[in-house]
$ cat run_23.txt   # compact mmCIF, C-alpha atoms and all ligand atoms
# COMPACT_ATOMS: atom_id res chain seq x y z
CA MET A 1 -12.97 5.84 -31.55
CA GLU A 2 -10.75 3.39 -33.39
CA ILE A 3 -7.05 4.30 -33.64
CA GLU A 4 -5.81 3.98 -37.24
CA ILE A 5 -2.34 2.43 -37.44
CA ASN A 6 0.16 3.18 -40.16
CA LEU A 7 3.52 1.53 -39.40
CA ALA A 8 6.94 2.92 -40.31
CA PRO A 9 9.11 1.01 -42.83
CA GLU A 10 11.29 -1.74 -41.27
CA GLU A 11 14.55 0.22 -41.56
CA PHE A 12 13.24 2.93 -39.19
CA LYS A 13 12.27 0.40 -36.55
CA ARG A 14 15.76 -0.87 -35.78
CA THR A 15 17.18 0.04 -32.37
CA SER A 16 20.85 0.47 -31.63
CA GLU A 17 22.05 -0.44 -28.14
CA LEU A 18 20.01 1.66 -25.72
CA LYS A 19 22.74 2.60 -23.23
CA PHE A 20 24.12 5.91 -21.88
CA LEU A 21 21.06 7.67 -23.19
CA PRO A 22 20.95 11.47 -23.26
CA PHE A 23 17.60 12.90 -22.10
CA GLY A 24 15.07 13.50 -24.87
CA LYS A 25 17.28 13.41 -27.95
CA ILE A 26 16.36 10.03 -29.44
CA PHE A 27 12.80 9.28 -30.51
CA THR A 28 10.96 6.05 -31.27
CA PRO A 29 9.86 5.41 -34.88
CA HIS A 30 6.14 6.12 -34.26
CA MET A 31 3.93 8.83 -32.83
CA PHE A 32 0.25 9.28 -32.06
CA ILE A 33 -1.68 12.21 -33.50
CA MET A 34 -5.30 13.36 -33.26
CA LYS A 35 -7.07 16.50 -34.50
CA TYR A 36 -9.68 18.75 -32.99
CA ASP A 37 -11.98 21.18 -34.70
CA GLU A 38 -15.14 22.85 -33.50
CA ASP A 39 -17.49 20.90 -35.76
CA LYS A 40 -16.13 17.39 -35.22
CA GLY A 41 -14.56 17.64 -31.73
CA TRP A 42 -11.58 15.30 -31.26
CA HIS A 43 -11.37 13.02 -34.28
CA SER A 44 -9.22 10.83 -36.55
CA PRO A 45 -6.80 9.33 -33.96
CA LYS A 46 -3.87 7.60 -35.60
CA ILE A 47 -0.43 6.17 -35.00
CA CYS A 48 1.96 6.95 -37.82
CA PRO A 49 5.71 7.14 -38.52
CA PHE A 50 7.49 9.82 -36.44
CA SER A 51 7.70 12.94 -38.58
CA ASN A 52 7.72 16.74 -38.61
CA ILE A 53 4.41 18.55 -38.18
CA GLU A 54 3.28 21.22 -40.59
CA LEU A 55 1.83 24.35 -38.97
CA HIS A 56 0.15 27.55 -40.17
CA PRO A 57 2.68 30.35 -39.47
CA ALA A 58 -0.03 32.14 -37.47
CA ALA A 59 -0.92 29.02 -35.41
CA ILE A 60 -2.00 30.36 -32.02
CA VAL A 61 0.50 28.19 -30.13
CA LEU A 62 3.44 29.87 -31.88
CA HIS A 63 2.40 33.36 -30.81
CA TYR A 64 0.33 33.02 -27.65
CA ALA A 65 1.52 29.66 -26.24
CA GLN A 66 -1.85 27.93 -25.88
CA THR A 67 -0.45 24.48 -25.14
CA VAL A 68 -0.16 21.83 -22.41
CA PHE A 69 1.94 18.71 -21.94
CA GLU A 70 2.65 15.72 -19.73
CA GLY A 71 5.63 13.49 -19.06
CA LEU A 72 5.32 9.88 -17.92
CA LYS A 73 7.42 6.76 -18.23
CA ALA A 74 7.17 3.13 -19.32
CA TYR A 75 9.61 0.72 -17.62
CA TRP A 76 10.98 -2.64 -18.65
CA GLY A 77 10.56 -4.57 -15.39
CA VAL A 78 13.00 -7.06 -13.89
CA ASP A 79 10.31 -9.67 -14.64
CA GLY A 80 10.33 -8.70 -18.34
CA LYS A 81 6.93 -6.95 -18.03
CA ILE A 82 6.24 -3.44 -19.24
CA ARG A 83 4.81 -1.05 -16.67
CA LEU A 84 3.43 2.49 -16.87
CA PHE A 85 3.78 4.51 -13.66
CA ARG A 86 0.65 6.36 -12.48
CA VAL A 87 -0.64 6.71 -16.02
CA TRP A 88 -4.18 7.66 -14.95
CA ASP A 89 -2.86 10.45 -12.73
CA HIS A 90 -0.88 11.83 -15.66
CA ILE A 91 -3.95 11.69 -17.92
CA ASN A 92 -5.99 13.43 -15.26
CA ARG A 93 -3.37 16.16 -14.85
CA LEU A 94 -3.23 16.64 -18.63
CA ASN A 95 -6.96 17.35 -18.61
CA CYS A 96 -6.64 19.71 -15.61
CA SER A 97 -3.93 21.62 -17.47
CA ALA A 98 -6.07 21.66 -20.63
CA GLU A 99 -9.04 23.03 -18.70
CA ARG A 100 -6.90 25.92 -17.32
CA MET A 101 -5.58 26.76 -20.79
CA CYS A 102 -9.05 26.70 -22.46
CA ILE A 103 -8.11 23.58 -24.44
CA PRO A 104 -10.83 20.95 -25.01
CA THR A 105 -10.26 18.00 -22.68
CA LEU A 106 -9.71 14.43 -23.86
CA GLU A 107 -11.52 11.17 -23.17
CA PRO A 108 -9.15 9.52 -20.59
CA LYS A 109 -9.73 6.00 -21.95
CA LEU A 110 -8.74 7.09 -25.45
CA VAL A 111 -5.55 8.73 -24.14
CA PHE A 112 -4.72 5.52 -22.26
CA GLU A 113 -5.34 3.41 -25.40
CA ALA A 114 -3.16 5.79 -27.42
CA ILE A 115 -0.28 5.55 -24.93
CA LYS A 116 -0.60 1.79 -24.59
CA THR A 117 -0.76 1.17 -28.34
CA LEU A 118 2.21 3.45 -29.04
CA VAL A 119 4.35 1.91 -26.28
CA LEU A 120 3.58 -1.63 -27.43
CA ILE A 121 4.31 -0.84 -31.08
CA ASP A 122 7.66 0.70 -30.06
CA LYS A 123 8.37 -1.65 -27.15
CA ASN A 124 11.82 -2.57 -28.43
CA TRP A 125 12.77 1.03 -27.69
CA ILE A 126 12.16 0.68 -23.95
CA PRO A 127 15.67 0.53 -22.50
CA ARG A 128 16.29 -2.40 -20.16
CA GLU A 129 19.01 -0.95 -17.95
CA LYS A 130 17.92 0.12 -14.48
CA GLY A 131 17.87 3.90 -14.34
CA SER A 132 16.55 4.19 -17.87
CA ALA A 133 13.00 4.15 -19.24
CA LEU A 134 10.83 5.18 -22.15
CA TYR A 135 9.78 8.79 -21.53
CA ILE A 136 6.35 9.47 -23.00
CA ARG A 137 5.42 13.04 -23.89
CA PRO A 138 1.75 13.71 -24.65
CA PHE A 139 1.05 17.34 -25.66
CA ILE A 140 -1.79 19.43 -27.05
CA PHE A 141 -1.39 22.71 -28.91
CA ALA A 142 -3.52 25.33 -30.64
CA THR A 143 -3.26 25.20 -34.42
CA GLU A 144 -5.80 27.74 -35.66
CA GLY A 145 -4.05 30.29 -37.89
CA THR A 146 -4.96 33.77 -36.69
CA LEU A 147 -3.14 36.67 -35.09
CA GLY A 148 -6.13 37.71 -32.99
CA LEU A 149 -5.67 36.75 -29.31
CA LYS A 150 -8.42 34.24 -28.63
CA VAL A 151 -9.11 30.63 -27.74
CA SER A 152 -8.20 28.44 -30.70
CA ARG A 153 -10.91 26.50 -32.52
CA GLU A 154 -8.42 23.87 -33.73
CA TYR A 155 -5.84 21.68 -31.94
CA LEU A 156 -3.51 18.76 -32.35
CA PHE A 157 -2.92 16.16 -29.65
CA VAL A 158 0.37 14.33 -30.18
CA ILE A 159 2.25 11.67 -28.22
CA ILE A 160 5.94 11.04 -28.83
CA ALA A 161 8.29 8.75 -26.91
CA SER A 162 11.99 8.85 -26.16
CA PRO A 163 14.27 6.26 -24.50
CA VAL A 164 16.01 8.13 -21.68
CA GLY A 165 18.59 7.76 -18.95
CA ALA A 166 19.14 10.25 -16.10
CA TYR A 167 17.82 13.77 -16.64
CA TYR A 168 20.84 15.54 -15.16
CA LYS A 169 24.43 15.06 -16.32
CA GLU A 170 25.26 14.32 -12.67
CA GLY A 171 23.15 11.10 -12.86
CA PHE A 172 22.02 10.12 -9.36
CA ASN A 173 24.74 12.29 -7.80
CA PRO A 174 24.01 15.50 -5.88
CA ILE A 175 23.30 18.60 -7.93
CA LYS A 176 23.89 22.25 -7.05
CA ILE A 177 20.96 24.65 -7.05
CA TYR A 178 20.85 28.44 -7.25
CA VAL A 179 18.29 30.53 -5.40
CA THR A 180 17.15 33.49 -7.48
CA GLU A 181 15.53 36.51 -5.87
CA GLN A 182 15.58 38.46 -9.12
CA TYR A 183 13.15 36.35 -11.14
CA ILE A 184 10.00 34.42 -10.30
CA ARG A 185 8.51 31.40 -12.05
CA ALA A 186 4.81 31.78 -11.28
CA CYS A 187 2.43 33.79 -9.15
CA PRO A 188 -0.94 33.17 -7.44
CA GLY A 189 -3.72 33.11 -9.99
CA GLY A 190 -1.26 32.37 -12.80
CA THR A 191 -0.51 29.05 -14.48
CA GLY A 192 2.23 27.72 -12.19
CA GLU A 193 0.26 24.65 -11.20
CA VAL A 194 -0.33 23.42 -14.74
CA LYS A 195 2.06 21.94 -17.25
CA THR A 196 2.11 24.58 -19.93
CA GLY A 197 5.09 25.62 -22.04
CA GLY A 198 4.98 29.27 -20.93
CA ASN A 199 5.99 28.37 -17.36
CA TYR A 200 9.11 26.72 -18.66
CA ALA A 201 9.90 29.51 -21.16
CA ALA A 202 9.66 32.03 -18.32
CA SER A 203 12.17 30.03 -16.29
CA LEU A 204 14.92 29.97 -18.92
CA LYS A 205 16.56 33.32 -18.16
CA ALA A 206 17.24 32.45 -14.52
CA GLN A 207 18.29 28.94 -15.49
CA GLU A 208 20.81 30.33 -17.95
CA ILE A 209 22.28 32.61 -15.28
CA ALA A 210 22.47 29.70 -12.82
CA GLN A 211 24.11 27.41 -15.35
CA ASN A 212 26.64 30.04 -16.37
CA LYS A 213 27.67 30.21 -12.72
CA GLY A 214 28.06 26.43 -12.53
CA TYR A 215 24.73 25.45 -10.95
CA THR A 216 22.42 22.77 -12.36
CA GLN A 217 19.04 24.30 -11.62
CA VAL A 218 17.22 27.27 -10.12
CA LEU A 219 15.36 27.14 -6.80
CA TRP A 220 12.31 29.37 -7.13
CA LEU A 221 10.88 31.48 -4.32
CA ASP A 222 7.30 32.73 -4.08
CA ALA A 223 6.34 35.73 -6.18
CA ILE A 224 5.02 37.96 -3.40
CA GLU A 225 7.53 37.85 -0.55
CA ARG A 226 10.38 36.17 -2.44
CA ARG A 227 10.89 34.18 0.69
CA TYR A 228 9.05 30.87 0.57
CA VAL A 229 10.50 27.97 -1.40
CA GLU A 230 8.33 26.84 -4.33
CA GLU A 231 10.07 24.34 -6.62
CA VAL A 232 13.18 23.72 -8.71
CA GLY A 233 13.30 24.19 -12.52
CA SER A 234 12.22 20.71 -13.46
CA MET A 235 11.19 19.13 -10.17
CA ASN A 236 9.52 19.59 -6.78
CA ILE A 237 11.71 19.82 -3.69
CA PHE A 238 11.83 18.03 -0.31
CA PHE A 239 13.80 18.87 2.85
CA TYR A 240 14.61 16.33 5.52
CA PHE A 241 14.99 18.08 8.88
CA GLU A 242 15.87 16.17 12.03
CA ASN A 243 12.43 14.67 12.55
CA GLU A 244 10.42 15.98 9.64
CA LEU A 245 10.27 15.33 5.93
CA THR A 246 8.71 18.40 4.37
CA THR A 247 7.87 19.92 0.99
CA PRO A 248 6.29 23.25 0.03
CA MET A 249 2.50 23.07 0.20
CA LEU A 250 0.63 23.38 -3.09
CA SER A 251 -0.19 27.04 -3.35
CA GLY A 252 -1.55 27.29 -6.91
CA SER A 253 1.82 28.31 -8.28
CA ILE A 254 3.57 24.98 -7.62
CA LEU A 255 3.24 21.98 -9.91
CA PRO A 256 1.35 19.11 -8.19
CA GLY A 257 4.08 16.62 -9.04
CA ILE A 258 3.14 12.97 -9.31
CA THR A 259 6.51 11.81 -7.96
CA ARG A 260 6.05 14.42 -5.19
CA ASP A 261 2.73 12.80 -4.31
CA SER A 262 4.32 9.34 -4.45
CA VAL A 263 7.01 10.37 -1.95
CA LEU A 264 4.38 11.87 0.38
CA LYS A 265 2.30 8.68 0.32
CA LEU A 266 5.31 6.36 0.73
CA ALA A 267 6.72 8.54 3.52
CA SER A 268 3.58 8.05 5.62
CA VAL A 269 3.72 4.29 5.13
CA LEU A 270 7.44 4.25 5.99
CA GLY A 271 6.71 6.01 9.28
CA PHE A 272 8.15 9.46 8.50
CA SER A 273 6.60 12.51 10.05
CA VAL A 274 5.74 14.24 6.79
CA THR A 275 4.36 17.73 6.19
CA GLU A 276 3.37 20.04 3.34
CA ARG A 277 3.83 23.60 4.49
CA LYS A 278 5.36 26.99 3.82
CA ILE A 279 9.16 26.73 4.00
CA ALA A 280 11.09 29.99 4.22
CA ILE A 281 14.50 30.05 2.57
CA GLU A 282 15.95 31.42 5.86
CA GLU A 283 14.73 28.26 7.61
CA VAL A 284 16.56 26.13 5.05
CA ILE A 285 19.78 28.12 5.39
CA GLU A 286 19.58 28.13 9.19
CA GLY A 287 18.94 24.36 9.11
CA ILE A 288 22.09 23.85 7.05
CA GLU A 289 24.15 26.10 9.34
CA LYS A 290 22.93 24.45 12.53
CA GLY A 291 23.05 20.95 11.10
CA THR A 292 19.31 20.30 11.57
CA LEU A 293 18.67 20.08 7.82
CA LYS A 294 19.99 16.63 7.06
CA GLU A 295 19.10 16.11 3.39
CA CYS A 296 17.44 17.73 0.42
CA PHE A 297 16.20 16.13 -2.79
CA GLY A 298 14.09 16.91 -5.84
CA THR A 299 11.31 14.78 -7.32
CA GLY A 300 9.95 14.59 -10.86
CA THR A 301 9.17 12.14 -13.64
CA ALA A 302 12.33 13.07 -15.50
CA ALA A 303 14.40 13.81 -12.38
CA VAL A 304 13.08 10.75 -10.43
CA ILE A 305 14.67 11.43 -6.99
CA THR A 306 17.65 13.76 -7.36
CA PRO A 307 19.83 14.61 -4.36
CA VAL A 308 20.74 18.26 -3.79
CA GLY A 309 24.24 18.77 -2.37
CA LYS A 310 24.61 22.54 -2.49
CA ILE A 311 22.39 25.60 -2.35
CA PHE A 312 23.60 29.03 -3.45
CA TYR A 313 21.85 31.89 -1.64
CA ARG A 314 22.86 35.56 -1.43
CA ASN A 315 26.41 35.10 -2.66
CA LYS A 316 27.18 32.06 -0.58
CA ASP A 317 27.24 28.30 -1.14
CA TYR A 318 25.70 26.13 1.57
CA THR A 319 26.63 22.44 1.56
CA ILE A 320 24.11 19.80 2.66
CA ASN A 321 25.19 16.42 4.05
CA ARG A 322 28.84 17.09 3.01
CA GLY A 323 27.59 17.26 -0.58
CA GLU A 324 26.78 13.54 -0.50
CA THR A 325 23.59 11.59 -1.18
CA GLY A 326 21.86 10.89 2.13
CA GLU A 327 20.22 7.70 3.37
CA VAL A 328 16.67 9.07 3.24
CA THR A 329 17.16 10.22 -0.36
CA LYS A 330 18.51 6.77 -1.24
CA LEU A 331 15.59 5.10 0.50
CA PHE A 332 13.00 6.99 -1.57
CA PHE A 333 14.97 6.46 -4.76
CA GLU A 334 15.10 2.70 -4.09
CA ARG A 335 11.43 2.46 -3.06
CA ILE A 336 10.06 4.40 -6.02
CA THR A 337 12.29 2.83 -8.66
CA GLY A 338 11.69 -0.58 -7.04
CA ILE A 339 7.96 -0.19 -7.75
CA GLN A 340 8.58 1.17 -11.24
CA TYR A 341 10.78 -1.78 -12.25
CA GLY A 342 8.53 -4.36 -10.57
CA GLU A 343 11.10 -5.23 -7.87
CA THR A 344 9.05 -4.28 -4.82
CA GLU A 345 5.39 -4.54 -3.90
CA ASP A 346 3.21 -1.89 -5.53
CA LEU A 347 1.28 -1.04 -2.36
CA PHE A 348 -0.73 1.75 -3.96
CA ASN A 349 -1.44 0.12 -7.35
CA TRP A 350 0.53 2.82 -9.11
CA THR A 351 1.71 0.69 -12.00
CA THR A 352 -0.27 -0.56 -15.00
CA LEU A 353 1.02 -3.66 -16.74
CA LEU A 354 0.83 -3.42 -20.52
CA GLU A 355 1.28 -7.04 -21.48
C1 LIG A 401 9.01 15.86 -16.32
O1 LIG A 401 9.66 15.61 -15.32
O2 LIG A 401 8.36 14.96 -16.90
C2 LIG A 401 8.93 17.19 -16.89
O3 LIG A 401 8.02 17.45 -17.61
C3 LIG A 401 10.00 18.18 -16.63
C4 LIG A 401 10.69 18.59 -17.91
C5 LIG A 401 11.48 19.83 -17.70
C6 LIG A 401 11.56 17.48 -18.44

$ encode --input "run_23.txt" --output "structure tokens" --more "lines below"
Ligand code: COI
Amino acid sequence: MEIEINLAPEEFKRTSELKFLPFGKIFTPHMFIMKYDEDKGWHSPKICPFSNIELHPAAIVLHYAQTVFEGLKAYWGVDGKIRLFRVWDHINRLNCSAERMCIPTLEPKLVFEAIKTLVLIDKNWIPREKGSALYIRPFIFATEGTLGLKVSREYLFVIIASPVGAYYKEGFNPIKIYVTEQYIRACPGGTGEVKTGGNYAASLKAQEIAQNKGYTQVLWLDAIERRYVEEVGSMNIFFYFENELTTPMLSGSILPGITRDSVLKLASVLGFSVTERKIAIEEVIEGIEKGTLKECFGTGTAAVITPVGKIFYRNKDYTINRGETGEVTKLFFERITGIQYGETEDLFNWTTLLE
């Protein structure tokens, strides 16, 4: 399928200085859009000026949340080349999410072409400062207008892009997380392992409580025993114990993070003893008290590698590594961002050069 291109007028294409960027508030002048209906399948892909989208007030997504999304980044390398990080893994995960949400899957090569074309058209919007990137948000949503609960027969697939800096206001400094036992994010058999809006909507109440108490994010426990660590609001979580780097095993209710997977693969190469297993919150707290838990950090496309300096659990704050960023956290941050910005060897062929 040929992508039709309709460029925005010159005045919309001008960039101001892309520094000190807030996360996800500025958008590039173009977007990609493609329609689906039962008769034609996916059709009419086009890149057009960034604009609002008109929806039927009964569009299924607005009422029953039939939608999926992805988040990936394009980087302006130190060599002046533009790189996408693990783009094929993101496309694959988008299709896995779509499958779970009864949304028709997409031809991976077309999604890649769409991302590549959009990024190259808006390449002046890729920030050049280290620590910043162009965040790309592909998403699919159900547009059929009906109030009956059913699988939609019509969809839109859209890709927008936003120049971003750090996700958290703390930047690369340690954040404070809040363990909730009152709410859960996802349960076995649910949709926790796919990127669908409902998971994030369900997390907002606990996040609001945590933020009102001065914490950045919520640390979720499993739905059944409320004991095993799952993930943090917008990232997966790693613990570095004396001789073990560990993260919760994928249970069906945890997002299979692509940065999570990158850390696991790099950790093996770097000689860490690395595990994916069940991690009880008591083990984490005991590790902090006894000094055997040395570091804790989160991983995500938006969050990159974010150190965790404090955990709130049952009315008490527990400080990790004196609230400072540890050496292991720094090492993974440097290794992953080094690959993303073309500074260090891309051992696993994770990056795709666009030009
Ligand atoms: C990402 O890291 O790309 C995400 O989708 C998380 C989102 C809450 C920003």

$ closest_residue --input "run_23.txt" --among "A:Leu7, A:Leu62, A:Val194, A:Met249" --to "Glu144 in chain A" --atoms "all atoms listed in the file"
A:Leu62

$ closest_atom_pairs --input "run_23.txt" --of "chain A" --to "ligand LIG 401 (chain A)" --cutoff "9 Å" --atoms "all atoms listed in the file" --output "JSON lines"
{"residue": "A:Phe23", "atom": "CA", "partner": "A:LIG401", "partner_atom": "C6", "distance": 8.4}
{"residue": "A:Gly24", "atom": "CA", "partner": "A:LIG401", "partner_atom": "C6", "distance": 8.3}
{"residue": "A:Phe69", "atom": "CA", "partner": "A:LIG401", "partner_atom": "O3", "distance": 7.6}
{"residue": "A:Glu70", "atom": "CA", "partner": "A:LIG401", "partner_atom": "O3", "distance": 6.0}
{"residue": "A:Gly71", "atom": "CA", "partner": "A:LIG401", "partner_atom": "O2", "distance": 3.8}
{"residue": "A:Leu72", "atom": "CA", "partner": "A:LIG401", "partner_atom": "O2", "distance": 6.0}
{"residue": "A:Lys73", "atom": "CA", "partner": "A:LIG401", "partner_atom": "O2", "distance": 8.4}
{"residue": "A:Tyr135", "atom": "CA", "partner": "A:LIG401", "partner_atom": "O2", "distance": 7.8}
{"residue": "A:Ile136", "atom": "CA", "partner": "A:LIG401", "partner_atom": "O2", "distance": 8.4}
{"residue": "A:Arg137", "atom": "CA", "partner": "A:LIG401", "partner_atom": "O2", "distance": 7.8}
{"residue": "A:Tyr167", "atom": "CA", "partner": "A:LIG401", "partner_atom": "C6", "distance": 7.5}
{"residue": "A:Lys195", "atom": "CA", "partner": "A:LIG401", "partner_atom": "O3", "distance": 7.5}
{"residue": "A:Tyr200", "atom": "CA", "partner": "A:LIG401", "partner_atom": "C5", "distance": 7.3}
{"residue": "A:Gly233", "atom": "CA", "partner": "A:LIG401", "partner_atom": "C5", "distance": 7.0}
{"residue": "A:Ser234", "atom": "CA", "partner": "A:LIG401", "partner_atom": "C5", "distance": 4.4}
{"residue": "A:Met235", "atom": "CA", "partner": "A:LIG401", "partner_atom": "O1", "distance": 6.4}
{"residue": "A:Gly257", "atom": "CA", "partner": "A:LIG401", "partner_atom": "O1", "distance": 8.5}
{"residue": "A:Thr259", "atom": "CA", "partner": "A:LIG401", "partner_atom": "O1", "distance": 8.9}
{"residue": "A:Thr299", "atom": "CA", "partner": "A:LIG401", "partner_atom": "O1", "distance": 8.2}
{"residue": "A:Gly300", "atom": "CA", "partner": "A:LIG401", "partner_atom": "O1", "distance": 4.6}
{"residue": "A:Thr301", "atom": "CA", "partner": "A:LIG401", "partner_atom": "O1", "distance": 3.9}
{"residue": "A:Ala302", "atom": "CA", "partner": "A:LIG401", "partner_atom": "O1", "distance": 3.7}
{"residue": "A:Ala303", "atom": "CA", "partner": "A:LIG401", "partner_atom": "O1", "distance": 5.9}
{"residue": "A:Val304", "atom": "CA", "partner": "A:LIG401", "partner_atom": "O1", "distance": 7.7}

$ residues_near_point --input "run_23.txt" --point "(18.8, 7.1, -12.8)" --cutoff "10 Å" --atoms "only C-alpha atoms" --output "VMD selection string"
chain A and resid 129 to 133 164 to 168 170 to 173 302 to 306 333 337

$ closest_residue --input "run_23.txt" --among "A:Gly189, A:Thr247, A:Ile258, A:Pro174" --to "Ile91 in chain A" --atoms "all atoms listed in the file"
A:Ile258

$ residues_around --input "run_23.txt" --residues "Leu264 in chain A" --least-positions-apart "2" --cutoff "10 Å" --atoms "all atoms listed in the file" --output "list of chain:residue names"
A:Phe238, A:Leu245, A:Thr246, A:Thr247, A:Ile258, A:Thr259, A:Arg260, A:Asp261, A:Ser262, A:Leu266, A:Ala267, A:Ser268, A:Val269, A:Leu270, A:Phe272, A:Ser273, A:Val274, A:Thr275, A:Glu276

$ write_last_selection --input "run_23.txt" --atoms "C-alpha atoms" --output "short mmCIF file (atom, residue, chain, number, x, y, z; two decimals), in the coordinates of the input"
data_model
loop_
_atom_site.label_atom_id
_atom_site.label_comp_id
_atom_site.auth_asym_id
_atom_site.auth_seq_id
_atom_site.Cartn_x
_atom_site.Cartn_y
_atom_site.Cartn_z
CA PHE A 238 11.83 18.03 -0.31
CA LEU A 245 10.27 15.33 5.93
CA THR A 246 8.71 18.40 4.37
CA THR A 247 7.87 19.92 0.99
CA ILE A 258 3.14 12.97 -9.31
CA THR A 259 6.51 11.81 -7.96
CA ARG A 260 6.05 14.42 -5.19
CA ASP A 261 2.73 12.80 -4.31
CA SER A 262 4.32 9.34 -4.45
CA LEU A 266 5.31 6.36 0.73
CA ALA A 267 6.72 8.54 3.52
CA SER A 268 3.58 8.05 5.62
CA VAL A 269 3.72 4.29 5.13
CA LEU A 270 7.44 4.25 5.99
CA PHE A 272 8.15 9.46 8.50
CA SER A 273 6.60 12.51 10.05
CA VAL A 274 5.74 14.24 6.79
CA THR A 275 4.36 17.73 6.19
CA GLU A 276 3.37 20.04 3.34
#

$ residues_around --input "run_23.txt" --residues "Ile47 in chain A" --least-positions-apart "3" --cutoff "9 Å" --atoms "all atoms listed in the file" --output "ChimeraX atom specification"
/A:3-7,30-34,50,114,117-118

$ residues_near_point --input "run_23.txt" --point "(-5.4, 34.6, -34.8)" --cutoff "12 Å" --atoms "all atoms listed in the file" --output "PDB file with C-alpha atoms, in the coordinates of the input"
ATOM      1  CA  HIS A  56       0.150  27.550 -40.170  1.00  0.00           C
ATOM      2  CA  PRO A  57       2.680  30.350 -39.470  1.00  0.00           C
ATOM      3  CA  ALA A  58      -0.030  32.140 -37.470  1.00  0.00           C
ATOM      4  CA  ALA A  59      -0.920  29.020 -35.410  1.00  0.00           C
ATOM      5  CA  ILE A  60      -2.000  30.360 -32.020  1.00  0.00           C
ATOM      6  CA  VAL A  61       0.500  28.190 -30.130  1.00  0.00           C
ATOM      7  CA  LEU A  62       3.440  29.870 -31.880  1.00  0.00           C
ATOM      8  CA  HIS A  63       2.400  33.360 -30.810  1.00  0.00           C
ATOM      9  CA  TYR A  64       0.330  33.020 -27.650  1.00  0.00           C
ATOM     10  CA  GLN A  66      -1.850  27.930 -25.880  1.00  0.00           C
ATOM     11  CA  ALA A 142      -3.520  25.330 -30.640  1.00  0.00           C
ATOM     12  CA  THR A 143      -3.260  25.200 -34.420  1.00  0.00           C
ATOM     13  CA  GLU A 144      -5.800  27.740 -35.660  1.00  0.00           C
ATOM     14  CA  GLY A 145      -4.050  30.290 -37.890  1.00  0.00           C
ATOM     15  CA  THR A 146      -4.960  33.770 -36.690  1.00  0.00           C
ATOM     16  CA  LEU A 147      -3.140  36.670 -35.090  1.00  0.00           C
ATOM     17  CA  GLY A 148      -6.130  37.710 -32.990  1.00  0.00           C
ATOM     18  CA  LEU A 149      -5.670  36.750 -29.310  1.00  0.00           C
ATOM     19  CA  LYS A 150      -8.420  34.240 -28.630  1.00  0.00           C
ATOM     20  CA  VAL A 151      -9.110  30.630 -27.740  1.00  0.00           C
ATOM     21  CA  SER A 152      -8.200  28.440 -30.700  1.00  0.00           C
ATOM     22  CA  ARG A 153     -10.910  26.500 -32.520  1.00  0.00           C
ATOM     23  CA  GLU A 154      -8.420  23.870 -33.730  1.00  0.00           C
TER      24      GLU A 154
END

$ residues_around --input "run_23.txt" --residues "Leu293 in chain A" --least-positions-apart "3" --cutoff "9 Å" --atoms "only C-alpha atoms" --output "list in words"
Phe239, Tyr240, Phe241, Glu242, Val284, Ile285, Glu286, Gly287, Ile288, Glu289, Lys290, Cys296, Ile320 and Asn321 of chain A

$ residues_around --input "run_23.txt" --residues "Asn315 in chain A" --least-positions-apart "6" --cutoff "12 Å" --atoms "only C-alpha atoms" --output "list in words"
Tyr178, Val179, Thr180, Glu181 and Lys213 of chain A

$ residues_around --input "run_23.txt" --residues "Ser203 in chain A" --least-positions-apart "4" --cutoff "7 Å" --atoms "all atoms listed in the file" --output "ChimeraX atom specification"
/A:185,199,207

$ closest_residue --input "run_23.txt" --among "A:Glu345, A:Arg277, A:Ile339, A:Asp39" --to "Arg83 in chain A" --atoms "all atoms listed in the file"
A:Ile339

$ closest_residue --input "run_23.txt" --among "A:Glu282, A:Arg322, A:Glu11, A:Lys316" --to "Arg226 in chain A" --atoms "all atoms listed in the file"
A:Glu282

$ axis_aligned_box --input "run_23.txt" --around "range 228-237 of chain A" --padding-each-side "5 Å" --output "lines of an AutoDock Vina configuration file"
center_x = 10.8
center_y = 25.0
center_z = -6.4
size_x = 15.0
size_y = 21.7
size_z = 24.0

$ atom_distance --input "run_23.txt" --atom1 "CA of Leu134 in chain A" --atom2 "CA of Glu113 in chain A"
16.6 Å

$ closest_residue --input "run_23.txt" --among "A:Phe141, A:Gly41, A:Pro163, A:Met1" --to "Glu17 in chain A" --atoms "all atoms listed in the file"
A:Pro163

$ closest_residue --input "run_23.txt" --among "A:Leu354, A:Leu21, A:Glu10, A:Lys310" --to "Gly80 in chain A" --atoms "all atoms listed in the file"
A:Leu354

$ atom_distance --input "run_23.txt" --atom1 "CA of Ile237 in chain A" --atom2 "CA of Gly326 in chain A"
14.7 Å

$ atom_distance --input "run_23.txt" --atom1 "CA of Glu225 in chain A" --atom2 "CA of Glu283 in chain A"
14.5 Å
